[in-house]
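Enquirer: To start, I am sharing the structure in question, which I have written as structure tokens.
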Amino acid sequence: MKVRRATLTHSETPDRPLGSGLDLVAIGAAFVLSVLALWLVSGEPVLAAGFGGGALTLGGLGWVLARQRRPEPEPEWALPDWTVTVAAIDRDDRAVAVIDRAGRLVCANATYEAWFGLANPPPRLPLDPAGAEVLARTARAAWRDGMARAERIAAGDRAWHAEARRAGRGDDFLVWHIAAVVEPDPVADMRDAVDGWLGRMLAVGGISLALVDPDGQIRAASEGLALRATGNPAARLAGQPFVSLLRQDEDDRITWAREGRDGPPLVLYHVPVADPDEPHAPDPDNTPSLLLLADAGFGIGAASAPGDGQAAVPHLEALLAQLPLGLAMADRDGRLLFANAAFLRAAGRPGEEPPPFPSDLVVREDKTALSDAVRRHGQGPASAGDIAVRLKTQPDEPVSLSLAGVRGLGEAAVLLGLSDSTEETRLKKQVAQASKMQAVGQLAGGVAHDFNNVLTAIIGTCDLMLLRHTPGDSDYDDIQQIRASSNRAASLTRQLLAFSRQQTLRPEVLQLPDIVSDITQMLKRLIGEKIRFEVRHDRDLGPVRADPTQLEQVIVNLVVNARDAMADKADGSARLSLTTCKVRAADVAPREGELLPPGEYTALIVEDTGSGIPPENLTKIFEPFFTTKEQGKGTGLGLSTVYGIVKQSGGYILADSELGKGTRFSIYFPVHHGPAGTAAVAPVAPKAEEPRKWAGGGKVLLVEDEDTVRAVAERALSRQGYEVTVAADGEEGLQFVALGRRYDLVVSDVVMPVMDGPAMAREIRKLVPDIPFLFMSGYAEEQLRKEIDFDNMHFMPKPFTVQQITDTVAQVLGAVKG
């Protein structure tokens with residue numbers, strides 16, 4: 001195999017010994033001349049001798065230090081021989097290739113060459129267009145992130161998994177591992193098992209085993225079957241008709257053909273080879289069967305002696321007892337003879353004794369139909385079928401019970417099959433509930449948006465009317481009442497947005513005990529003195545990330561509900577507890593209708609001793625507009641609002657209740673794991689400079705499709721001295737700017753027919769790049785952030801008052817104009 005080779009060389013100058021022979025002679029001569037010169041000049045031999053001794057001492061010390069500090073030679077690096085790399089990556093089950101940053105193939109094993117050829121370096125492989133695109137994205141991600149995977153790439157009828165990793169000292173190479181996708185083949189697996197361990201294991205218990213195609217030809221046979229059928233355990237039976245190994249007498253008993261009439265009768269049981277987890281039943285005409293043969297005292301169609309029914313098939317019962325499928329056997333009269341543990345578990349009676357009749361497992365309305373079906377399959381020709389029944393343990397969910405008539409098993413004449421559908425039923429309920437809540441949430445969000453437009457017009461009109469009236473006028477109090485009712489309606493729309501998880505949250509990293517402490521005094525005033533109020537906090541609680549204002553609303557709603565549930569407790573037993581505790585990952589367990597992902601949580605538990613919630617209502621309490629309170633005493637949005645806030649914050653809420661004993665709400669927030677060393681409190685943002693209000697007037701383009709909202713906003717801005725141009729939709733607003741009119745600010749709705757606010761803003765910015773925008777909408781800012789994410793963009797939620805719109809416009813212009 002040809003591969004690109006690379007060599008890395010390194011030059012090094014050998015160490016030169018400190019001083020050669022000539023160097024030593026020159027240094028000695030210089031030393032002697034220096035001593036003589038000093039003697040002649042000074043005339044003092046002692047001084048010259050001292051100078052000479054000191055110089056020798058210093059020179060010797062320098063020589064010793066130089067010898068100790070000789071530099072270590074740098075190692076010589078060189079890339080290994082590529083033939084060693086080729087031998088290391090030689091794999092039969094996967095293709096391995098190495099490419100450089102230029103996309104050239106550096107090295108590849110024989111499997112890669114056989115699958116793709118050396119002319120096709122990855123990711124440029126001969127694949128389908130979709131697969132080639134996936135592989136190209138994988139290559140880019142691997143160069144960027146260091147590693148990437150492609151789960152499935154295809155070319156014709158073949159498919160592969162691919163993985164790429166950066167490698168090399170400079171991360172200049174990309175190593176590809178490509179493995180073929182192997183589809184599961186239960187028939188092939190069963191054939192190997194019959195030929196191997198399964199056949200040998202069952203032969204020890206006297207059971208012969210064969211895998212037979214739909215046309216009756218043997219595909220695989222165990223050694224035990226070959227021994228009984230031919231006398232030679234090594235005989236090859238594949239391809240022979242299975243029925244040729246057996247004989248049948250006039251009494252419909254079957255025996256081995258080799259043993260003749262004197263052989264013991266056999267019991268035959270067949271199982272279609274198919275994955276039991278498949279949602280659709282296999283077609284019996286195209287599915288191989290696993291046939292089990294065992295000696296029995298009775299043959300097919302033979303009458304059994306009284307009391308010998310179950311004793312005739314001990315091997316079969318032992319086999320059925322170990323299977324994960326729910327199987328049971330009944331006689332012709334409908335009596336239940338045997339049921340394995342999986343059958344009882346699927347019927348909702350794990351660990352109990354089987355009932356006398358299969359009909360004892362179902363509701364009264366289905367007893368007759370099931371009894372008739374068992375008798376019908378137990379008499380006459382062998383047949384199979386299904387029947388839908390409702391079990392006593394789950395009367396609201398029909399299940400499918402399979403029945404098959406069998407012959408030659410003594411008293412056992414009907415085989416019953418039942419699958420455990422508990423998990424499937426739970427998932428169906430959960431999906432249905434989630435779909436319903438999502439649909440209702442979308443409806444609630446849409447209603448809140450339209451309702452906010454109406455409330456904006458009402459509140460704005462009231463504000464304008466109040467400007468013409470003073471306290472004491474006959475109409476002043478009526479207008480104030482209308483305005484107060486509108487504000488109450490606005491709070492309901494905020495609850496709808498909270499339920500639909502479309503409200504604007506401002507999360508902070510905080511501790512739950514701090515939030516509880518801040519509102520404890522208010523909670524005590526809410527519940528009164530007749531209810532005993534207890535607050536408990538666990539130690540070492542993990543921080544959570546949530547909006548503190550919304551979290552306070554959650555606690556207040558739950559406490560008020562608990563107070564109302566204990567209104568009739570006049571004997572002093574009313575008690576309300578609020579607890580925060582730590583939940584470790586090992587303590588997290590699946591709950592009915594809700595699954596907590598593994599992890600660490602900080603829990604908030606609100607528990608009361610009230611009247612409790614009926615079981616039939618417990619699954620409906622989080623639905624909007626559902627309330628158990630008397631008419632006029634509740635909107636039905638309290639708990640739905642709590643549910644929306646908790647879910648939008650990434651938490652989970654569970655409810656437990658018992659009639660007459662009380663209710664407990666448990667809220668689980670995931671522990672926030674911030675950077676190391678950060679405090680478990682909300683970060684304090686620097687105080688922003690207060691924007692100056694603009695009082696110099698200006699030209700404002702007002703774009704709003706709702707006539708009443710547009711009229712209120714126009715009148716409010718005009719009263720403040722602004723020159724307002726109104727437009728009924730985005731196209732009209734764009735036309736005003738296209739005509740060359742100059743504006744200081746564009747105030748626009750977001751959702752409008754024909755051309756919405758963001759589309760209009762993008763077109764206007766092409767004409768006037770620096771013009772500021774103030775968007776207003778009944779939807780939450782977070783929900784619209786992707787659509788209105790512009791520079792110099794501001795947002796104002798609906799409904800708003802006259803004072804709010806004028807103040808906001810003044811602040812925006814003040815920030816822009818300075």
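Ligands are numbered from 1 in the order shown, chains are lettered A, B, ... in the order of the structure tokens, and residues start at 1 in each chain.
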Which residues, written as a PyMOL selection string, have at least one atom at most 12 Å from range 511-522 of chain A, with only C-alpha atoms counted and residues fewer than 4 positions away on the same chain left out?

Expert: chain A and resi 526-528+533-556+559-560+577-582+601-606+667-672+679-682

Enquirer: Keeping only C-alpha atoms, write the selected residues to a file as a short mmCIF file (atom, residue, chain, number, x, y, z; two decimals), in the first residue's frame.

Expert:
data_model
loop_
_atom_site.label_atom_id
_atom_site.label_comp_id
_atom_site.auth_asym_id
_atom_site.auth_seq_id
_atom_site.Cartn_x
_atom_site.Cartn_y
_atom_site.Cartn_z
CA LEU A 526 -52.40 35.95 54.44
CA ILE A 527 -53.15 32.77 56.40
CA GLY A 528 -54.18 34.45 59.66
CA PHE A 533 -47.40 28.12 60.17
CA GLU A 534 -44.08 26.28 60.17
CA VAL A 535 -40.97 26.98 58.10
CA ARG A 536 -38.04 24.54 57.94
CA HIS A 537 -34.84 24.74 55.92
CA ASP A 538 -32.36 22.00 55.19
CA ARG A 539 -28.62 22.59 55.34
CA ASP A 540 -26.19 22.81 52.43
CA LEU A 541 -28.88 23.60 49.87
CA GLY A 542 -27.69 24.02 46.31
CA PRO A 543 -28.41 27.32 44.51
CA VAL A 544 -31.13 27.43 41.86
CA ARG A 545 -31.70 29.71 38.89
CA ALA A 546 -35.15 31.28 38.76
CA ASP A 547 -37.01 34.58 38.61
CA PRO A 548 -37.40 35.65 42.28
CA THR A 549 -40.58 37.63 41.59
CA GLN A 550 -42.27 34.71 39.83
CA LEU A 551 -41.02 32.32 42.52
CA GLU A 552 -42.72 34.46 45.15
CA GLN A 553 -45.94 34.26 43.12
CA VAL A 554 -45.65 30.44 43.10
CA ILE A 555 -45.32 30.31 46.90
CA VAL A 556 -48.15 32.77 47.49
CA VAL A 559 -50.13 29.05 50.39
CA VAL A 560 -53.46 30.73 49.55
CA SER A 577 -45.61 23.83 56.62
CA LEU A 578 -43.15 25.21 54.10
CA THR A 579 -39.94 23.20 53.76
CA THR A 580 -36.81 23.48 51.65
CA CYS A 581 -34.64 20.39 51.40
CA LYS A 582 -31.78 18.87 49.47
CA TYR A 601 -32.29 19.16 43.13
CA THR A 602 -33.33 21.70 45.72
CA ALA A 603 -36.94 21.03 46.68
CA LEU A 604 -39.64 23.36 47.97
CA ILE A 605 -42.49 21.51 49.73
CA VAL A 606 -45.79 23.13 50.73
CA ILE A 667 -41.39 21.54 43.56
CA TYR A 668 -37.97 20.37 42.36
CA PHE A 669 -35.50 22.89 40.92
CA PRO A 670 -32.22 21.59 39.42
CA VAL A 671 -29.17 22.73 41.36
CA HIS A 672 -27.35 25.44 39.44
CA ALA A 679 -21.33 32.76 45.28
CA ALA A 680 -24.73 31.15 45.38
CA VAL A 681 -26.51 34.48 45.16
CA ALA A 682 -27.82 36.57 42.32
#

Enquirer: Residues near Gly610 in chain A, anyone? I mean within 9 Å using only C-alpha atoms, not counting same-chain ones fewer than 4 positions away, as a list of chain:residue names.

Expert: A:Ala562, A:Arg563, A:Asp564, A:Ala565, A:Met566, A:Ala567, A:Asp568, A:Lys569, A:Ala574, A:Arg575, A:Leu576, A:Leu659, A:Gly660, A:Lys661, A:Gly662, A:Thr663

Enquirer: Using only C-alpha atoms, determine which residues lie at most 10 Å from Leu290 in chain A, disregarding the query and same-chain residues fewer than 3 positions distant; provide the list as an MDAnalysis selection string.

Expert: chainID A and resid 187 190:191 194 209:213 220:221 269:273 287

Enquirer: With C-alpha atoms retained, could you export that selection as a PDB file, in the first residue's frame?

Expert:
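Below is the file again30.pdb, written as the result:
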ATOM      1  CA  VAL A 187     -33.471 -15.354  12.609  1.00  0.00           C
ATOM      2  CA  MET A 190     -31.693 -17.950  16.609  1.00  0.00           C
ATOM      3  CA  ARG A 191     -30.099 -20.265  14.029  1.00  0.00           C
ATOM      4  CA  VAL A 194     -30.095 -23.671  17.913  1.00  0.00           C
ATOM      5  CA  LEU A 209     -35.105 -28.002  18.938  1.00  0.00           C
ATOM      6  CA  ALA A 210     -35.397 -27.023  15.271  1.00  0.00           C
ATOM      7  CA  LEU A 211     -35.687 -23.783  13.290  1.00  0.00           C
ATOM      8  CA  VAL A 212     -38.107 -24.353  10.398  1.00  0.00           C
ATOM      9  CA  ASP A 213     -38.877 -22.072   7.435  1.00  0.00           C
ATOM     10  CA  ALA A 220     -31.159 -25.428  11.720  1.00  0.00           C
ATOM     11  CA  ALA A 221     -31.484 -28.360  14.139  1.00  0.00           C
ATOM     12  CA  TYR A 269     -44.812 -26.517  20.528  1.00  0.00           C
ATOM     13  CA  HIS A 270     -44.001 -23.828  17.962  1.00  0.00           C
ATOM     14  CA  VAL A 271     -43.023 -20.178  18.511  1.00  0.00           C
ATOM     15  CA  PRO A 272     -42.740 -17.652  15.637  1.00  0.00           C
ATOM     16  CA  VAL A 273     -39.263 -16.096  15.567  1.00  0.00           C
ATOM     17  CA  THR A 287     -41.872 -15.994   9.609  1.00  0.00           C
TER      18      THR A 287
END

Enquirer: Select, from A:Val243, A:Val35, A:Ala97, A:Met147, the residue with the minimum atom-to-atom distance to Asp215 in chain A, counting only C-alpha atoms.

Expert: A:Val243

Enquirer: Skip Ala713 in chain A itself and residues of its chain fewer than 4 positions away, then list as a PyMOL selection string all residues within 8 Å of it, counting only C-alpha atoms.

Expert: chain A and resi 460+709+717+802+805

Enquirer: Which value, in Å to one decimal, gives the distance between CA of Met776 in chain A and CA of Gln480 in chain A?

Expert: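 That distance, rounded to one decimal, is 24.6 Å.
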
Enquirer: One decimal, Å: what's the distance from CA of Pro597 in chain A over to CA of Thr641 in chain A, could you say?

Expert: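 Calculated distance between CA of Pro597 in chain A and CA of Thr641 in chain A is 22.8 Å.
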